[in-house]
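See below for work-v6.csv, which holds CSV, N, CA and C atoms.
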```csv
chain,number,residue,atom,x,y,z
A,1,MET,N,-2.5,218.8,-72.8
A,1,MET,CA,-2.5,220.2,-72.3
A,1,MET,C,-2.1,221.1,-73.4
A,2,GLU,N,-2.8,222.2,-73.6
A,2,GLU,CA,-2.6,223.2,-74.6
A,2,GLU,C,-1.6,224.2,-74.2
A,3,VAL,N,-0.6,224.5,-75.0
A,3,VAL,CA,0.3,225.6,-74.7
A,3,VAL,C,-0.1,226.8,-75.5
A,4,ARG,N,-0.2,227.9,-74.7
A,4,ARG,CA,-0.5,229.2,-75.4
A,4,ARG,C,0.7,230.1,-75.4
A,5,TYR,N,1.0,230.7,-76.5
A,5,TYR,CA,2.1,231.6,-76.6
A,5,TYR,C,1.5,233.0,-76.6
A,6,THR,N,2.0,233.8,-75.7
A,6,THR,CA,1.4,235.2,-75.6
A,6,THR,C,2.3,236.3,-76.3
A,7,HIS,N,3.5,235.9,-76.6
A,7,HIS,CA,4.4,236.9,-77.3
A,7,HIS,C,4.2,237.0,-78.8
A,8,GLN,N,4.2,238.2,-79.3
A,8,GLN,CA,4.1,238.3,-80.7
A,8,GLN,C,5.5,238.4,-81.3
A,9,ALA,N,5.6,238.0,-82.6
A,9,ALA,CA,6.9,238.1,-83.3
A,9,ALA,C,7.3,239.5,-83.4
A,10,ILE,N,8.6,239.8,-83.3
A,10,ILE,CA,9.1,241.1,-83.5
A,10,ILE,C,10.2,241.1,-84.5
A,11,THR,N,10.6,242.2,-85.1
A,11,THR,CA,11.6,242.3,-86.1
A,11,THR,C,13.0,242.2,-85.4
A,12,THR,N,14.0,241.9,-86.3
A,12,THR,CA,15.4,241.9,-85.8
A,12,THR,C,15.8,243.2,-85.1
A,13,GLU,N,15.4,244.3,-85.7
A,13,GLU,CA,15.7,245.6,-85.1
A,13,GLU,C,15.1,245.7,-83.7
A,14,GLU,N,13.8,245.2,-83.6
A,14,GLU,CA,13.2,245.3,-82.2
A,14,GLU,C,13.9,244.3,-81.3
A,15,GLN,N,14.4,243.2,-81.7
A,15,GLN,CA,15.1,242.3,-80.9
A,15,GLN,C,16.4,243.0,-80.4
A,16,ILE,N,17.1,243.7,-81.2
A,16,ILE,CA,18.3,244.4,-80.8
A,16,ILE,C,18.0,245.5,-79.8
A,17,ASP,N,16.9,246.2,-80.1
A,17,ASP,CA,16.5,247.2,-79.1
A,17,ASP,C,16.1,246.6,-77.8
A,18,THR,N,15.5,245.5,-77.8
A,18,THR,CA,15.1,244.8,-76.5
A,18,THR,C,16.4,244.4,-75.7
A,19,LEU,N,17.4,243.9,-76.5
A,19,LEU,CA,18.6,243.5,-75.8
A,19,LEU,C,19.4,244.7,-75.3
A,20,LYS,N,19.4,245.8,-76.0
A,20,LYS,CA,20.0,247.0,-75.5
A,20,LYS,C,19.3,247.5,-74.3
A,21,GLN,N,18.0,247.5,-74.3
A,21,GLN,CA,17.2,248.0,-73.1
A,21,GLN,C,17.5,247.2,-71.9
A,22,ARG,N,17.8,245.9,-72.1
A,22,ARG,CA,18.2,245.0,-71.0
A,22,ARG,C,19.6,245.1,-70.5
A,23,GLY,N,20.4,246.0,-71.2
A,23,GLY,CA,21.7,246.3,-70.8
A,23,GLY,C,22.8,245.6,-71.5
A,24,LEU,N,22.5,244.9,-72.6
A,24,LEU,CA,23.5,244.3,-73.4
A,24,LEU,C,24.2,245.3,-74.3
A,25,LEU,N,25.5,245.3,-74.3
A,25,LEU,CA,26.3,246.2,-75.2
A,25,LEU,C,26.5,245.6,-76.6
A,26,ILE,N,26.0,246.3,-77.6
A,26,ILE,CA,26.1,245.9,-79.0
A,26,ILE,C,26.9,247.0,-79.7
A,27,ASP,N,28.2,246.7,-80.0
A,27,ASP,CA,29.1,247.6,-80.7
A,27,ASP,C,28.7,247.8,-82.2
A,28,ASP,N,28.5,246.7,-82.8
A,28,ASP,CA,28.2,246.7,-84.3
A,28,ASP,C,26.8,246.2,-84.5
A,29,VAL,N,25.9,247.1,-84.7
A,29,VAL,CA,24.5,246.7,-84.8
A,29,VAL,C,24.2,246.0,-86.1
A,30,SER,N,24.9,246.3,-87.2
A,30,SER,CA,24.8,245.6,-88.5
A,30,SER,C,25.2,244.2,-88.3
A,31,HIS,N,26.3,243.9,-87.7
A,31,HIS,CA,26.8,242.6,-87.4
A,31,HIS,C,25.8,241.8,-86.5
A,32,ALA,N,25.3,242.5,-85.5
A,32,ALA,CA,24.3,241.8,-84.6
A,32,ALA,C,23.1,241.4,-85.4
A,33,GLN,N,22.6,242.3,-86.3
A,33,GLN,CA,21.4,242.0,-87.1
A,33,GLN,C,21.7,240.8,-88.0
A,34,LYS,N,22.8,240.8,-88.7
A,34,LYS,CA,23.2,239.6,-89.5
A,34,LYS,C,23.3,238.3,-88.7
A,35,THR,N,23.9,238.4,-87.5
A,35,THR,CA,24.0,237.3,-86.7
A,35,THR,C,22.6,236.8,-86.2
A,36,LEU,N,21.8,237.6,-85.8
A,36,LEU,CA,20.4,237.2,-85.3
A,36,LEU,C,19.6,236.7,-86.5
A,37,ASP,N,19.8,237.2,-87.7
A,37,ASP,CA,19.1,236.7,-88.9
A,37,ASP,C,19.6,235.3,-89.3
A,38,THR,N,20.9,235.0,-88.9
A,38,THR,CA,21.5,233.8,-89.3
A,38,THR,C,21.2,232.7,-88.2
A,39,ILE,N,21.5,233.1,-87.0
A,39,ILE,CA,21.5,232.1,-85.9
A,39,ILE,C,20.1,232.0,-85.2
A,40,SER,N,19.5,233.2,-85.0
A,40,SER,CA,18.2,233.4,-84.4
A,40,SER,C,18.3,233.8,-83.0
A,41,TYR,N,17.4,234.6,-82.6
A,41,TYR,CA,17.3,235.2,-81.3
A,41,TYR,C,17.2,234.1,-80.2
A,42,PHE,N,16.4,233.1,-80.4
A,42,PHE,CA,16.1,232.1,-79.4
A,42,PHE,C,17.2,231.1,-79.3
A,43,ARG,N,17.9,230.8,-80.4
A,43,ARG,CA,19.1,230.0,-80.2
A,43,ARG,C,20.2,230.6,-79.4
A,44,LEU,N,20.4,231.9,-79.7
A,44,LEU,CA,21.4,232.6,-78.9
A,44,LEU,C,21.0,232.9,-77.4
A,45,ALA,N,19.7,232.9,-77.2
A,45,ALA,CA,19.2,233.1,-75.8
A,45,ALA,C,19.8,232.1,-74.8
A,46,GLY,N,20.0,230.9,-75.3
A,46,GLY,CA,20.6,229.9,-74.4
A,46,GLY,C,22.0,230.2,-74.0
A,47,TYR,N,22.6,231.0,-74.8
A,47,TYR,CA,24.0,231.4,-74.5
A,47,TYR,C,24.1,232.7,-73.7
A,48,TRP,N,23.1,233.6,-73.8
A,48,TRP,CA,23.2,234.8,-73.1
A,48,TRP,C,22.6,234.7,-71.7
A,49,LYS,N,21.9,233.6,-71.4
A,49,LYS,CA,21.4,233.4,-70.0
A,49,LYS,C,22.5,233.5,-69.0
A,50,HIS,N,23.7,233.0,-69.3
A,50,HIS,CA,24.8,233.1,-68.4
A,50,HIS,C,25.3,234.5,-68.1
A,51,PHE,N,24.9,235.4,-69.0
A,51,PHE,CA,25.3,236.8,-68.9
A,51,PHE,C,24.2,237.7,-68.2
A,52,GLU,N,23.1,237.0,-67.9
A,52,GLU,CA,21.9,237.7,-67.2
A,52,GLU,C,22.2,237.8,-65.7
A,53,ILE,N,21.8,238.9,-65.1
A,53,ILE,CA,21.9,239.1,-63.7
A,53,ILE,C,20.6,238.7,-63.1
A,54,ASP,N,19.5,238.8,-63.8
A,54,ASP,CA,18.2,238.4,-63.4
A,54,ASP,C,17.4,237.7,-64.5
A,55,HIS,N,17.1,236.4,-64.3
A,55,HIS,CA,16.5,235.6,-65.3
A,55,HIS,C,15.0,235.8,-65.4
A,56,PHE,N,14.4,236.6,-64.5
A,56,PHE,CA,13.0,236.9,-64.7
A,56,PHE,C,12.8,238.1,-65.6
A,57,THR,N,13.6,239.2,-65.3
A,57,THR,CA,13.5,240.4,-66.1
A,57,THR,C,14.5,240.4,-67.3
A,58,HIS,N,15.4,239.4,-67.3
A,58,HIS,CA,16.4,239.2,-68.4
A,58,HIS,C,17.4,240.4,-68.5
A,59,GLN,N,17.6,241.1,-67.4
A,59,GLN,CA,18.6,242.1,-67.4
A,59,GLN,C,20.0,241.5,-67.4
A,60,PHE,N,20.9,242.2,-68.1
A,60,PHE,CA,22.3,241.7,-68.3
A,60,PHE,C,23.2,242.3,-67.2
A,61,ARG,N,24.2,241.5,-66.9
A,61,ARG,CA,25.3,242.0,-66.0
A,61,ARG,C,26.0,243.2,-66.7
A,62,ALA,N,26.5,244.1,-65.9
A,62,ALA,CA,27.2,245.2,-66.4
A,62,ALA,C,28.4,244.7,-67.2
A,63,GLY,N,28.6,245.3,-68.4
A,63,GLY,CA,29.7,245.0,-69.3
A,63,GLY,C,29.4,243.8,-70.2
A,64,SER,N,28.3,243.2,-70.2
A,64,SER,CA,28.0,242.1,-71.1
A,64,SER,C,27.9,242.6,-72.5
A,65,CYS,N,28.6,241.8,-73.4
A,65,CYS,CA,28.7,242.2,-74.8
A,65,CYS,C,28.1,241.2,-75.7
A,66,PHE,N,27.4,241.6,-76.7
A,66,PHE,CA,26.9,240.7,-77.7
A,66,PHE,C,28.0,239.9,-78.4
A,67,SER,N,29.2,240.5,-78.6
A,67,SER,CA,30.3,239.8,-79.3
A,67,SER,C,30.8,238.7,-78.4
A,68,ASN,N,30.7,238.8,-77.1
A,68,ASN,CA,31.2,237.7,-76.2
A,68,ASN,C,30.2,236.5,-76.3
A,69,ILE,N,28.9,236.8,-76.5
A,69,ILE,CA,27.9,235.8,-76.6
A,69,ILE,C,28.1,235.0,-77.9
A,70,VAL,N,28.4,235.8,-79.0
A,70,VAL,CA,28.6,235.1,-80.3
A,70,VAL,C,29.9,234.3,-80.2
A,71,LYS,N,30.9,234.8,-79.5
A,71,LYS,CA,32.2,234.0,-79.4
A,71,LYS,C,31.9,232.7,-78.6
A,72,LEU,N,31.0,232.7,-77.6
A,72,LEU,CA,30.7,231.5,-76.8
A,72,LEU,C,29.9,230.6,-77.7
A,73,TYR,N,29.0,231.1,-78.5
A,73,TYR,CA,28.2,230.3,-79.4
A,73,TYR,C,29.2,229.6,-80.4
A,74,SER,N,30.1,230.4,-81.0
A,74,SER,CA,31.0,229.8,-82.0
A,74,SER,C,31.9,228.7,-81.4
A,75,PHE,N,32.4,229.0,-80.1
A,75,PHE,CA,33.2,228.0,-79.4
A,75,PHE,C,32.4,226.7,-79.3
A,76,ASP,N,31.2,226.8,-78.8
A,76,ASP,CA,30.3,225.6,-78.7
A,76,ASP,C,30.1,224.9,-80.0
A,77,LYS,N,29.9,225.6,-81.0
A,77,LYS,CA,29.7,225.1,-82.4
A,77,LYS,C,30.9,224.3,-82.8
A,78,GLU,N,32.1,224.9,-82.6
A,78,GLU,CA,33.3,224.2,-83.0
A,78,GLU,C,33.6,223.0,-82.2
A,79,LEU,N,33.3,223.1,-80.9
A,79,LEU,CA,33.5,221.9,-80.0
A,79,LEU,C,32.6,220.8,-80.4
A,80,ARG,N,31.3,221.1,-80.7
A,80,ARG,CA,30.3,220.1,-81.1
A,80,ARG,C,30.8,219.4,-82.4
A,81,ALA,N,31.3,220.2,-83.3
A,81,ALA,CA,31.8,219.6,-84.6
A,81,ALA,C,33.0,218.6,-84.3
A,82,LEU,N,33.9,219.0,-83.4
A,82,LEU,CA,35.0,218.1,-83.1
A,82,LEU,C,34.5,216.8,-82.4
A,83,LEU,N,33.6,217.0,-81.5
A,83,LEU,CA,33.0,215.8,-80.8
A,83,LEU,C,32.3,214.9,-81.7
A,84,PHE,N,31.5,215.4,-82.6
A,84,PHE,CA,30.8,214.6,-83.6
A,84,PHE,C,31.8,213.8,-84.5
A,85,THR,N,32.9,214.5,-84.9
A,85,THR,CA,33.9,213.8,-85.7
A,85,THR,C,34.5,212.6,-84.9
A,86,ALA,N,34.8,212.9,-83.6
A,86,ALA,CA,35.4,211.8,-82.8
A,86,ALA,C,34.4,210.7,-82.6
A,87,ILE,N,33.1,211.0,-82.4
A,87,ILE,CA,32.1,210.0,-82.2
A,87,ILE,C,31.9,209.2,-83.4
A,88,GLN,N,31.9,209.8,-84.6
A,88,GLN,CA,31.8,209.1,-85.8
A,88,GLN,C,32.9,208.1,-86.0
A,89,THR,N,34.1,208.5,-85.7
A,89,THR,CA,35.2,207.5,-85.8
A,89,THR,C,35.0,206.4,-84.8
A,90,ILE,N,34.6,206.6,-83.6
A,90,ILE,CA,34.4,205.5,-82.7
A,90,ILE,C,33.2,204.6,-83.1
A,91,GLU,N,32.2,205.2,-83.6
A,91,GLU,CA,31.0,204.5,-84.1
A,91,GLU,C,31.4,203.5,-85.2
A,92,VAL,N,32.1,204.0,-86.2
A,92,VAL,CA,32.6,203.2,-87.3
A,92,VAL,C,33.5,202.1,-86.9
A,93,SER,N,34.4,202.3,-85.9
A,93,SER,CA,35.3,201.3,-85.4
A,93,SER,C,34.5,200.2,-84.7
A,94,VAL,N,33.5,200.6,-83.8
A,94,VAL,CA,32.8,199.6,-83.1
A,94,VAL,C,31.9,198.8,-84.0
A,95,ARG,N,31.3,199.5,-85.0
A,95,ARG,CA,30.4,198.7,-86.0
A,95,ARG,C,31.3,197.7,-86.7
A,96,THR,N,32.5,198.1,-87.1
A,96,THR,CA,33.4,197.2,-87.8
A,96,THR,C,33.8,196.0,-87.0
A,97,LYS,N,34.0,196.2,-85.7
A,97,LYS,CA,34.4,195.1,-84.9
A,97,LYS,C,33.2,194.2,-84.7
A,98,ILE,N,32.0,194.7,-84.5
A,98,ILE,CA,30.8,193.9,-84.4
A,98,ILE,C,30.6,193.1,-85.7
A,99,ILE,N,30.6,193.7,-86.8
A,99,ILE,CA,30.4,193.1,-88.1
A,99,ILE,C,31.5,192.0,-88.3
A,100,LYS,N,32.7,192.3,-88.0
A,100,LYS,CA,33.8,191.3,-88.1
A,100,LYS,C,33.5,190.0,-87.2
A,101,HIS,N,33.1,190.3,-86.0
A,101,HIS,CA,32.9,189.2,-85.1
A,101,HIS,C,31.7,188.3,-85.6
A,102,PHE,N,30.6,188.9,-85.9
A,102,PHE,CA,29.4,188.2,-86.4
A,102,PHE,C,29.7,187.5,-87.7
A,103,ALA,N,30.4,188.1,-88.6
A,103,ALA,CA,30.7,187.5,-89.9
A,103,ALA,C,31.6,186.3,-89.8
A,104,LEU,N,32.6,186.4,-88.9
A,104,LEU,CA,33.5,185.3,-88.8
A,104,LEU,C,32.8,184.2,-87.9
A,105,GLU,N,32.0,184.5,-87.0
A,105,GLU,CA,31.3,183.5,-86.1
A,105,GLU,C,30.1,182.8,-86.8
A,106,PHE,N,29.3,183.6,-87.6
A,106,PHE,CA,28.1,183.1,-88.1
A,106,PHE,C,28.0,183.1,-89.6
A,107,GLY,N,28.9,183.7,-90.3
A,107,GLY,CA,28.9,183.8,-91.8
A,107,GLY,C,28.4,185.2,-92.2
A,108,ALA,N,28.6,185.4,-93.5
A,108,ALA,CA,28.3,186.8,-94.0
A,108,ALA,C,26.8,187.1,-93.9
A,109,PHE,N,25.9,186.1,-94.0
A,109,PHE,CA,24.5,186.4,-94.0
A,109,PHE,C,23.8,185.9,-92.7
```
Whole structure, structure tokens version:
Amino acid sequence: MEVRYTHQAITTEEQIDTLKQRGLLIDDVSHAQKTLDTISYFRLAGYWKHFEIDHFTHQFRAGSCFSNIVKLYSFDKELRALLFTAIQTIEVSVRTKIIKHFALEFGAF
């Protein structure tokens, strides 16, 4: 099945204008531009869905702020880093136990 994309690419400034037209409050346009250029519009879109009052027209709830969306993204990023650190520790521990069991039971090779 072929997927057709109907939307054309738009500039960061146009993305900001679109967000403002949908009711998102953007206090620092320069910071928003840098953020969108770093993180990307579509990556942040997953975080601002919770701030939308209508998912079809993508209108934002009254009082929704770009800065709150970035804070939510940053929290998620930090939480993910903490979880991956914990998972890595668990993974190494489990692998060590498996290696130790098999090496003692069947030899090093």
inquiry  = Please compute the atom C of Gln21 in chain A-atom C of Arg43 in chain A distance, one decimal, in Å.
reply    = 18.4 Å
request  = Could you tell me, as a VMD selection string, which residues of chain A DSSP assigns to helix (DSSP H, G or I) when given the backbone?
outcome  = chain A and resid 12 to 21 29 to 39 41 to 51 66 to 106
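Nearest residue to Ser64 in chain A among A:Leu25, A:Ala86, A:Val3, A:Ala103 is A:Leu25, counting only N, CA and C atoms.
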message = Going by DSSP on the backbone, which residues of chain A come out as strand (DSSP E or B)? List them as a list in words.
response =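 So the strand (DSSP E or B) residues in chain A would be Leu25, Glu52, Ile53, Asp54, Gln59, Phe60 and Cys65 of chain A.
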request  = For each of A:Leu36, A:Phe42, A:Leu24, A:Phe51, take the minimum atom-to-atom distance to Phe66 in chain A, counting all atoms listed in the file, then give the residue where this is smallest.
outcome  =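 Residue with the minimum atom-to-atom distance to Phe66 in chain A: A:Leu24.
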